[in-house]
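Structure data follow from work-v5.txt (compact mmCIF, C-alpha atoms and all ligand atoms):
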```
# COMPACT_ATOMS: atom_id res chain seq x y z
CA MET A 238 0.00 0.00 0.00
CA LYS A 239 1.56 3.28 -1.11
CA LYS A 240 1.25 6.31 1.23
CA MET A 241 0.49 9.35 -0.90
CA GLU A 242 -0.46 12.99 -0.28
CA MET A 243 -1.86 14.25 3.03
CA LEU A 244 -5.62 14.76 2.71
CA TYR A 245 -6.37 16.18 6.11
CA GLN A 246 -4.62 17.26 9.29
CA GLY A 247 -6.70 16.90 12.41
CA LYS A 248 -5.80 17.95 15.96
CA ALA A 249 -4.15 14.63 16.82
CA LYS A 250 -4.08 12.65 13.57
CA LYS A 251 -3.14 13.06 9.93
CA VAL A 252 -4.89 11.30 7.08
CA PHE A 253 -3.09 10.29 3.88
CA ALA A 254 -4.34 9.08 0.52
CA THR A 255 -3.21 5.70 -0.80
CA ASP A 256 -3.06 4.22 -4.30
CA ASP A 257 -6.48 2.65 -3.54
CA PRO A 258 -9.25 5.31 -3.69
CA GLY A 259 -11.28 3.36 -1.11
CA LEU A 260 -8.56 3.31 1.53
CA VAL A 261 -6.68 5.95 3.54
CA ILE A 262 -3.86 5.83 6.09
CA VAL A 263 -4.35 7.43 9.51
CA ASP A 264 -1.17 8.60 11.26
CA TYR A 265 -1.43 9.14 15.04
CA THR A 266 0.69 11.97 16.53
CA ASP A 267 1.50 12.81 20.17
CA ASN A 268 -0.35 16.13 19.86
CA ALA A 269 -3.00 16.75 22.49
CA THR A 270 -5.60 19.49 22.53
CA ALA A 271 -8.44 20.41 24.83
CA LEU A 272 -11.05 23.15 25.13
CA ASN A 273 -11.79 22.96 21.39
CA GLY A 274 -8.13 23.45 20.48
CA LEU A 275 -7.43 26.37 22.87
CA LYS A 276 -5.15 24.23 25.04
CA LYS A 277 -2.32 22.56 23.15
CA GLY A 278 0.43 20.19 24.23
CA THR A 279 1.90 16.77 23.74
CA ILE A 280 1.56 13.51 25.58
CA GLU A 281 4.76 11.59 24.86
CA GLY A 282 4.07 8.21 23.28
CA LYS A 283 0.33 8.81 23.01
CA GLY A 284 0.17 8.32 19.23
CA VAL A 285 1.54 4.80 19.48
CA ILE A 286 -0.76 3.89 22.37
CA ASN A 287 -3.90 5.36 20.81
CA ASN A 288 -3.19 3.69 17.47
CA ARG A 289 -2.61 0.27 18.97
CA MET A 290 -5.36 0.47 21.57
CA SER A 291 -7.96 1.79 19.15
CA ASN A 292 -7.15 -0.96 16.66
CA HIS A 293 -7.40 -3.54 19.44
CA MET A 294 -10.89 -2.27 20.37
CA MET A 295 -12.02 -2.00 16.73
CA ARG A 296 -10.98 -5.61 16.04
CA LEU A 297 -12.83 -6.74 19.17
CA LEU A 298 -15.99 -4.83 18.21
CA GLU A 299 -15.88 -6.14 14.62
CA GLN A 300 -15.75 -9.68 16.00
CA LYS A 301 -18.84 -8.89 18.02
CA GLY A 302 -20.77 -7.60 15.01
CA ILE A 303 -20.14 -3.83 14.91
CA PRO A 304 -18.98 -2.76 11.42
CA THR A 305 -15.92 -0.48 11.57
CA GLN A 306 -13.64 1.32 9.13
CA TYR A 307 -10.58 -0.60 10.42
CA VAL A 308 -8.56 -2.58 7.87
CA GLU A 309 -4.99 -3.17 9.04
CA GLU A 310 -2.36 -1.81 11.45
CA LEU A 311 0.62 -0.79 9.31
CA SER A 312 3.04 0.43 11.99
CA ASP A 313 3.14 1.73 15.56
CA ARG A 314 1.46 4.96 14.47
CA GLU A 315 -0.16 4.13 11.13
CA THR A 316 -3.36 2.28 10.31
CA LEU A 317 -5.06 1.53 7.03
CA VAL A 318 -8.79 2.30 7.18
CA LYS A 319 -11.69 2.41 4.77
CA LYS A 320 -12.31 5.90 3.44
CA VAL A 321 -15.62 7.15 4.83
CA LYS A 322 -17.68 10.30 4.83
CA ILE A 323 -17.79 11.25 8.49
CA VAL A 324 -21.28 11.91 9.88
CA PRO A 325 -20.70 15.29 11.57
CA LEU A 326 -21.85 14.14 15.00
CA GLU A 327 -19.93 13.47 18.19
CA VAL A 328 -21.84 10.62 19.77
CA ILE A 329 -21.31 10.57 23.53
CA VAL A 330 -22.43 7.70 25.76
CA ARG A 331 -22.30 8.07 29.54
CA ASN A 332 -22.57 5.59 32.40
CA ILE A 333 -21.37 7.82 35.24
CA ALA A 334 -21.71 11.58 35.64
CA ALA A 335 -18.52 13.49 34.76
CA GLY A 336 -17.22 16.40 32.71
CA SER A 337 -19.73 18.55 30.87
CA PHE A 338 -22.69 16.42 32.06
CA SER A 339 -21.80 17.07 35.71
CA LYS A 340 -21.30 20.78 35.04
CA ARG A 341 -24.42 21.28 32.91
CA TYR A 342 -26.83 19.40 35.15
CA GLY A 343 -25.20 19.99 38.55
CA VAL A 344 -24.50 16.33 39.25
CA GLU A 345 -21.51 15.30 41.34
CA GLU A 346 -18.76 13.60 39.33
CA GLY A 347 -18.82 9.87 39.99
CA LYS A 348 -22.58 9.52 40.49
CA GLU A 349 -23.85 6.48 38.65
CA LEU A 350 -26.57 7.46 36.18
CA ALA A 351 -30.01 5.84 36.50
CA ILE A 352 -29.60 4.60 32.91
CA SER A 353 -26.77 4.81 30.40
CA THR A 354 -27.43 7.87 28.29
CA ILE A 355 -26.51 9.27 24.90
CA GLU A 356 -26.07 12.77 23.51
CA PHE A 357 -24.95 14.36 20.27
CA SER A 358 -22.76 17.32 19.47
CA TYR A 359 -22.69 18.90 16.04
CA LYS A 360 -19.08 18.46 14.87
CA ASN A 361 -18.24 22.03 13.93
CA ASP A 362 -15.13 23.69 15.38
CA ASP A 363 -16.27 27.23 14.47
CA LEU A 364 -19.38 26.73 16.61
CA GLY A 365 -17.54 24.85 19.38
CA ASP A 366 -19.31 21.51 18.75
CA PRO A 367 -22.70 22.54 20.19
CA LEU A 368 -24.94 20.00 21.90
CA ILE A 369 -27.89 19.07 19.69
CA ASN A 370 -30.84 16.69 19.90
CA ASP A 371 -32.07 14.08 17.42
CA TYR A 372 -34.46 16.52 15.74
CA HIS A 373 -31.72 19.13 15.31
CA ALA A 374 -29.48 16.51 13.66
CA LEU A 375 -32.28 15.66 11.21
CA ALA A 376 -33.28 19.30 10.68
CA LEU A 377 -29.67 20.15 9.83
CA GLY A 378 -29.56 17.22 7.42
CA LEU A 379 -26.56 15.66 9.17
CA CYS A 380 -27.96 12.14 8.65
CA THR A 381 -31.25 10.38 8.02
CA ALA A 382 -33.60 9.11 10.73
CA GLU A 383 -32.70 5.55 9.82
CA GLU A 384 -28.97 6.30 10.07
CA LEU A 385 -29.49 7.95 13.45
CA GLU A 386 -31.28 4.85 14.75
CA THR A 387 -28.39 2.68 13.53
CA ILE A 388 -25.87 5.01 15.18
CA LYS A 389 -27.73 4.87 18.52
CA LYS A 390 -28.05 1.09 18.36
CA TYR A 391 -24.32 0.67 17.64
CA ALA A 392 -23.30 3.23 20.29
CA PHE A 393 -25.19 1.43 23.08
CA ALA A 394 -23.93 -1.97 21.86
CA VAL A 395 -20.35 -0.63 21.94
CA ASN A 396 -21.00 0.62 25.47
CA ASP A 397 -22.23 -2.78 26.66
CA MET A 398 -19.27 -4.62 25.14
CA MET A 399 -16.59 -2.16 26.24
CA LYS A 400 -17.98 -1.75 29.76
CA GLU A 401 -17.85 -5.49 30.37
CA TYR A 402 -14.46 -5.97 28.70
CA LEU A 403 -12.78 -3.11 30.56
CA LEU A 404 -14.19 -3.95 33.98
CA LYS A 405 -12.39 -7.31 33.82
CA LEU A 406 -9.19 -5.27 33.43
CA GLY A 407 -10.00 -3.11 36.46
CA ILE A 408 -11.21 -0.15 34.40
CA ILE A 409 -14.57 1.62 34.80
CA LEU A 410 -15.90 3.05 31.53
CA VAL A 411 -17.30 6.39 32.68
CA ASP A 412 -18.15 7.85 29.27
CA PHE A 413 -16.81 8.03 25.73
CA LYS A 414 -17.19 9.69 22.35
CA LEU A 415 -17.70 7.86 19.07
CA GLU A 416 -17.81 9.00 15.47
CA PHE A 417 -19.45 7.19 12.60
CA GLY A 418 -18.82 7.28 8.88
CA LYS A 419 -20.57 6.27 5.69
CA LEU A 420 -19.07 3.96 3.09
CA PRO A 421 -19.76 4.73 -0.60
CA ASP A 422 -22.59 2.14 -0.55
CA GLY A 423 -24.24 3.99 2.37
CA THR A 424 -23.30 1.53 5.13
CA ILE A 425 -22.78 3.18 8.52
CA VAL A 426 -19.54 2.10 10.19
CA LEU A 427 -17.77 2.98 13.42
CA ALA A 428 -14.95 5.42 12.59
CA ASP A 429 -12.26 7.56 14.24
CA GLU A 430 -10.68 6.16 17.42
CA ILE A 431 -11.38 4.62 20.80
CA SER A 432 -8.60 5.62 23.19
CA PRO A 433 -7.83 7.46 26.44
CA ASP A 434 -8.22 10.65 24.35
CA THR A 435 -11.88 9.88 23.66
CA CYS A 436 -12.97 7.90 26.72
CA ARG A 437 -13.00 8.46 30.47
CA PHE A 438 -11.39 5.47 32.15
CA TRP A 439 -11.24 5.24 35.95
CA ASP A 440 -9.33 2.63 37.92
CA SER A 441 -12.02 0.45 39.47
CA GLU A 442 -10.32 0.34 42.90
CA THR A 443 -9.00 3.90 43.35
CA HIS A 444 -11.09 5.79 40.76
CA ALA A 445 -7.81 7.34 39.55
CA HIS A 446 -8.09 8.94 36.09
CA LEU A 447 -6.49 6.83 33.35
CA ASP A 448 -7.30 9.18 30.48
CA LYS A 449 -6.95 12.62 28.90
CA ASP A 450 -8.62 14.37 31.86
CA LEU A 451 -5.10 14.35 33.39
CA PHE A 452 -4.04 16.65 30.52
CA ARG A 453 -7.31 18.64 30.30
CA ARG A 454 -7.19 19.39 34.04
CA ASP A 455 -3.39 19.80 34.35
CA LEU A 456 -3.20 16.95 36.86
CA GLY A 457 0.02 15.48 35.44
CA GLY A 458 0.90 11.84 34.83
CA ALA A 459 -0.90 11.45 31.52
CA GLU A 460 2.00 9.51 29.93
CA ASP A 461 2.04 6.96 32.77
CA ALA A 462 -1.76 6.61 32.73
CA TYR A 463 -1.86 5.94 28.97
CA GLN A 464 0.91 3.33 29.42
CA GLU A 465 -1.07 1.72 32.24
CA VAL A 466 -4.21 1.40 30.10
CA MET A 467 -2.10 -0.10 27.30
CA ARG A 468 -0.50 -2.56 29.75
CA ARG A 469 -3.89 -3.73 31.04
CA LEU A 470 -5.36 -4.10 27.55
CA MET A 471 -2.47 -5.62 25.71
CA GLY A 472 -0.25 -6.97 28.48
CA GLU A 473 2.66 -4.63 27.78
P1 LIG A 501 -17.51 15.85 28.13
O1 LIG A 501 -17.92 15.41 29.53
O2 LIG A 501 -16.44 16.89 28.11
O3 LIG A 501 -18.71 16.22 27.31
O4 LIG A 501 -16.87 14.55 27.42
C1 LIG A 501 -17.56 13.35 27.32
C2 LIG A 501 -16.66 12.27 26.71
O5 LIG A 501 -16.39 12.55 25.35
C3 LIG A 501 -15.30 12.14 27.38
O6 LIG A 501 -14.98 10.75 27.47
C4 LIG A 501 -14.34 12.82 26.46
C5 LIG A 501 -14.99 12.67 25.11
N1 LIG A 501 -14.79 13.83 24.24
C6 LIG A 501 -14.03 13.72 23.09
O7 LIG A 501 -13.51 12.64 22.78
N2 LIG A 501 -13.88 14.82 22.29
C7 LIG A 501 -14.45 16.02 22.57
O8 LIG A 501 -14.28 16.98 21.81
C8 LIG A 501 -15.24 16.14 23.78
C9 LIG A 501 -15.89 17.45 24.15
C10 LIG A 501 -15.38 15.02 24.57
```
Would you mind writing the structure in this file as structure tokens?
Ligand code: TMP
Amino acid sequence: MKKMEMLYQGKAKKVFATDDPGLVIVDYTDNATALNGLKKGTIEGKGVINNRMSNHMMRLLEQKGIPTQYVEELSDRETLVKKVKIVPLEVIVRNIAAGSFSKRYGVEEGKELAISTIEFSYKNDDLGDPLINDYHALALGLCTAEELETIKKYAFAVNDMMKEYLLKLGIILVDFKLEFGKLPDGTIVLADEISPDTCRFWDSETHAHLDKDLFRRDLGGAEDAYQEVMRRLMGE
């Protein structure tokens, strides 16, 4: 597979064309941002960990029946994925109150929610990814009603599978963000990444943060926490 011109530079990843129009290469960097790009830094080694961990989760989810864009891990930082049209929604599933949910609704961080819940943000940096509801997503033409139902079904299924899998490794899945894409034939697939950048992971004994909140909140120790998650998932 030949790596060709860069198509897109995101906040933490770069996307390159290949000699196959249906495939692209994602390259994970150590760049970290928060507050919609206002806070910038690096988490040493993060690109390697996110690439390998995300691929590990994608392979697991594929096996369990969730279609994903994953094709093949090419190197420590590079992965071959199916080219998709990203549905401009950040799909957030929560099991425990934290972050913006705690702030918005005045709920103490760590409170278990009565049910697992889902919310959508409109992926638009200029607008700061505003929270939207199902009707807004349809009114804006971001996806069809049928696609939205598929996305919700997949998101909750991913939650069930990941929650169970991670708990066995001593990790509580507090919340996470997913993105979905559309293949040329219209199939909805899980896209982007699943990593400590996009999930809140708490140690099940101590409730210590094992995720990007250490960077977002200037708590320190992000590198070690990412390594620890990698060690528990992949035994290294
Ligand atoms: P929040 O509590 O800040 O809304 O975040 C909820 C979850 O979504 C958390 O696991 C972090 C993740 N997330 C992203 O991956 N990207 C984002 O831009 C935001 C706002 C949250």
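Taking CA of Gln306 in chain A as the reference point, CA of Ile425 in chain A is found at 9.3 Å.
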Kindly provide, as a CSV table (one decimal) with C-alpha atoms, keeping the file's coordinate frame, all nucleotide and amino acid residues lying within 7 Å of ligand LIG 501 (chain A), counting only C-alpha atoms and all ligand atoms.
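Below you can see pocket-v5.csv, which holds the result:
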```csv
chain,number,residue,atom,x,y,z
A,273,ASN,CA,-11.8,23.0,21.4
A,329,ILE,CA,-21.3,10.6,23.5
A,335,ALA,CA,-18.5,13.5,34.8
A,336,GLY,CA,-17.2,16.4,32.7
A,337,SER,CA,-19.7,18.6,30.9
A,338,PHE,CA,-22.7,16.4,32.1
A,412,ASP,CA,-18.2,7.8,29.3
A,413,PHE,CA,-16.8,8.0,25.7
A,414,LYS,CA,-17.2,9.7,22.4
A,434,ASP,CA,-8.2,10.6,24.4
A,435,THR,CA,-11.9,9.9,23.7
A,436,CYS,CA,-13.0,7.9,26.7
A,437,ARG,CA,-13.0,8.5,30.5
```
Query raised in the report: Smallest atom-to-atom distance to Thr316 in chain A: which of A:Ile262, A:Ile333, A:Ala249, A:Leu368, using all atoms listed in the file?
Result: A:Ile262
If you take only C-alpha atoms and a cut-off of 12 Å, which residues of range 341-424 of chain A touch range 325-328 of chain A, and what are their nearest atom pairs and distances in Å to one decimal, in chain and number order, as CSV?
```
residue,atom,partner,partner_atom,distance
A:Thr354,CA,A:Val328,CA,10.6
A:Ile355,CA,A:Val328,CA,7.1
A:Glu356,CA,A:Val328,CA,6.0
A:Phe357,CA,A:Val328,CA,4.9
A:Ser358,CA,A:Glu327,CA,4.9
A:Tyr359,CA,A:Leu326,CA,4.9
A:Lys360,CA,A:Pro325,CA,4.9
A:Asn361,CA,A:Pro325,CA,7.6
A:Asp362,CA,A:Pro325,CA,10.8
A:Gly365,CA,A:Glu327,CA,11.7
A:Asp366,CA,A:Glu327,CA,8.1
A:Pro367,CA,A:Glu327,CA,9.7
A:Leu368,CA,A:Glu327,CA,9.0
A:Ile369,CA,A:Leu326,CA,9.1
A:Asn370,CA,A:Leu326,CA,10.6
A:Asp371,CA,A:Leu326,CA,10.5
A:His373,CA,A:Leu326,CA,11.1
A:Ala374,CA,A:Leu326,CA,8.1
A:Leu375,CA,A:Leu326,CA,11.2
A:Leu377,CA,A:Pro325,CA,10.3
A:Gly378,CA,A:Pro325,CA,10.0
A:Leu379,CA,A:Pro325,CA,6.3
A:Cys380,CA,A:Pro325,CA,8.4
A:Glu384,CA,A:Leu326,CA,11.7
A:Leu385,CA,A:Leu326,CA,10.0
A:Ile388,CA,A:Val328,CA,8.3
A:Lys389,CA,A:Val328,CA,8.3
A:Lys390,CA,A:Val328,CA,11.5
A:Tyr391,CA,A:Val328,CA,10.5
A:Ala392,CA,A:Val328,CA,7.6
A:Phe393,CA,A:Val328,CA,10.3
A:Val395,CA,A:Val328,CA,11.6
A:Asn396,CA,A:Val328,CA,11.5
A:Asp412,CA,A:Val328,CA,10.6
A:Phe413,CA,A:Val328,CA,8.2
A:Lys414,CA,A:Val328,CA,5.4
A:Leu415,CA,A:Val328,CA,5.0
A:Glu416,CA,A:Glu327,CA,5.6
A:Phe417,CA,A:Leu326,CA,7.7
A:Gly418,CA,A:Pro325,CA,8.7
A:Lys419,CA,A:Pro325,CA,10.8
```
Requested in this report: List the neighbours of Phe253 in chain A out to 8 Å using only C-alpha atoms; skip same-chain residues closer than 6 positions along the sequence, and give me the result as a VMD selection string.
Outcome: chain A and resid 240 to 245 261 to 264
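Of the listed residues A:Arg331, A:Lys322, A:Lys449, A:Arg289, the one whose atoms come nearest to Arg468 in chain A is A:Arg289, with distances taken using only C-alpha atoms.
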Requested in this report: Considering all atoms listed in the file, state which residue in the set A:Ala394, A:Leu317, A:Leu403, A:Leu350 is at the smallest distance from Ser441 in chain A.
Outcome: A:Leu403
Query - Residue nearest Asp313 in chain A - candidates A:Lys251, A:Arg469, A:Lys239, A:Lys283, atoms counted: all atoms listed in the file - result: A:Lys283
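Those residues that approach Asp461 in chain A to within 10 Å, counting only C-alpha atoms, are Ile280, Glu281, Gly282, Leu447, Asp448, Val466 and Met467 of chain A; same-chain residues fewer than 5 positions away are not listed.
Here CA of Val318 in chain A is placed at a distance of 29.5 Å from CA of Ser353 in chain A.
CA of Thr424 in chain A is found 26.7 Å from CA of Arg314 in chain A.
Across A:Gly259, A:Lys340, A:Tyr265, A:Glu442, the tightest approach to Val308 in chain A is made by A:Gly259 when counting only C-alpha atoms.
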**Report entry** Polymer residues at most 9 Å from Lys400 in chain A, all atoms listed in the file, same-chain spacing of 4 or more positions, as a PyMOL selection string
**Finding:** chain A and resi 395-396+404-405+408-411
Report summary line: The residue from A:Arg453, A:Glu315, A:Met398, A:Asp267 with the smallest atom-to-atom distance to Gln300 in chain A, counting only C-alpha atoms, is A:Met398
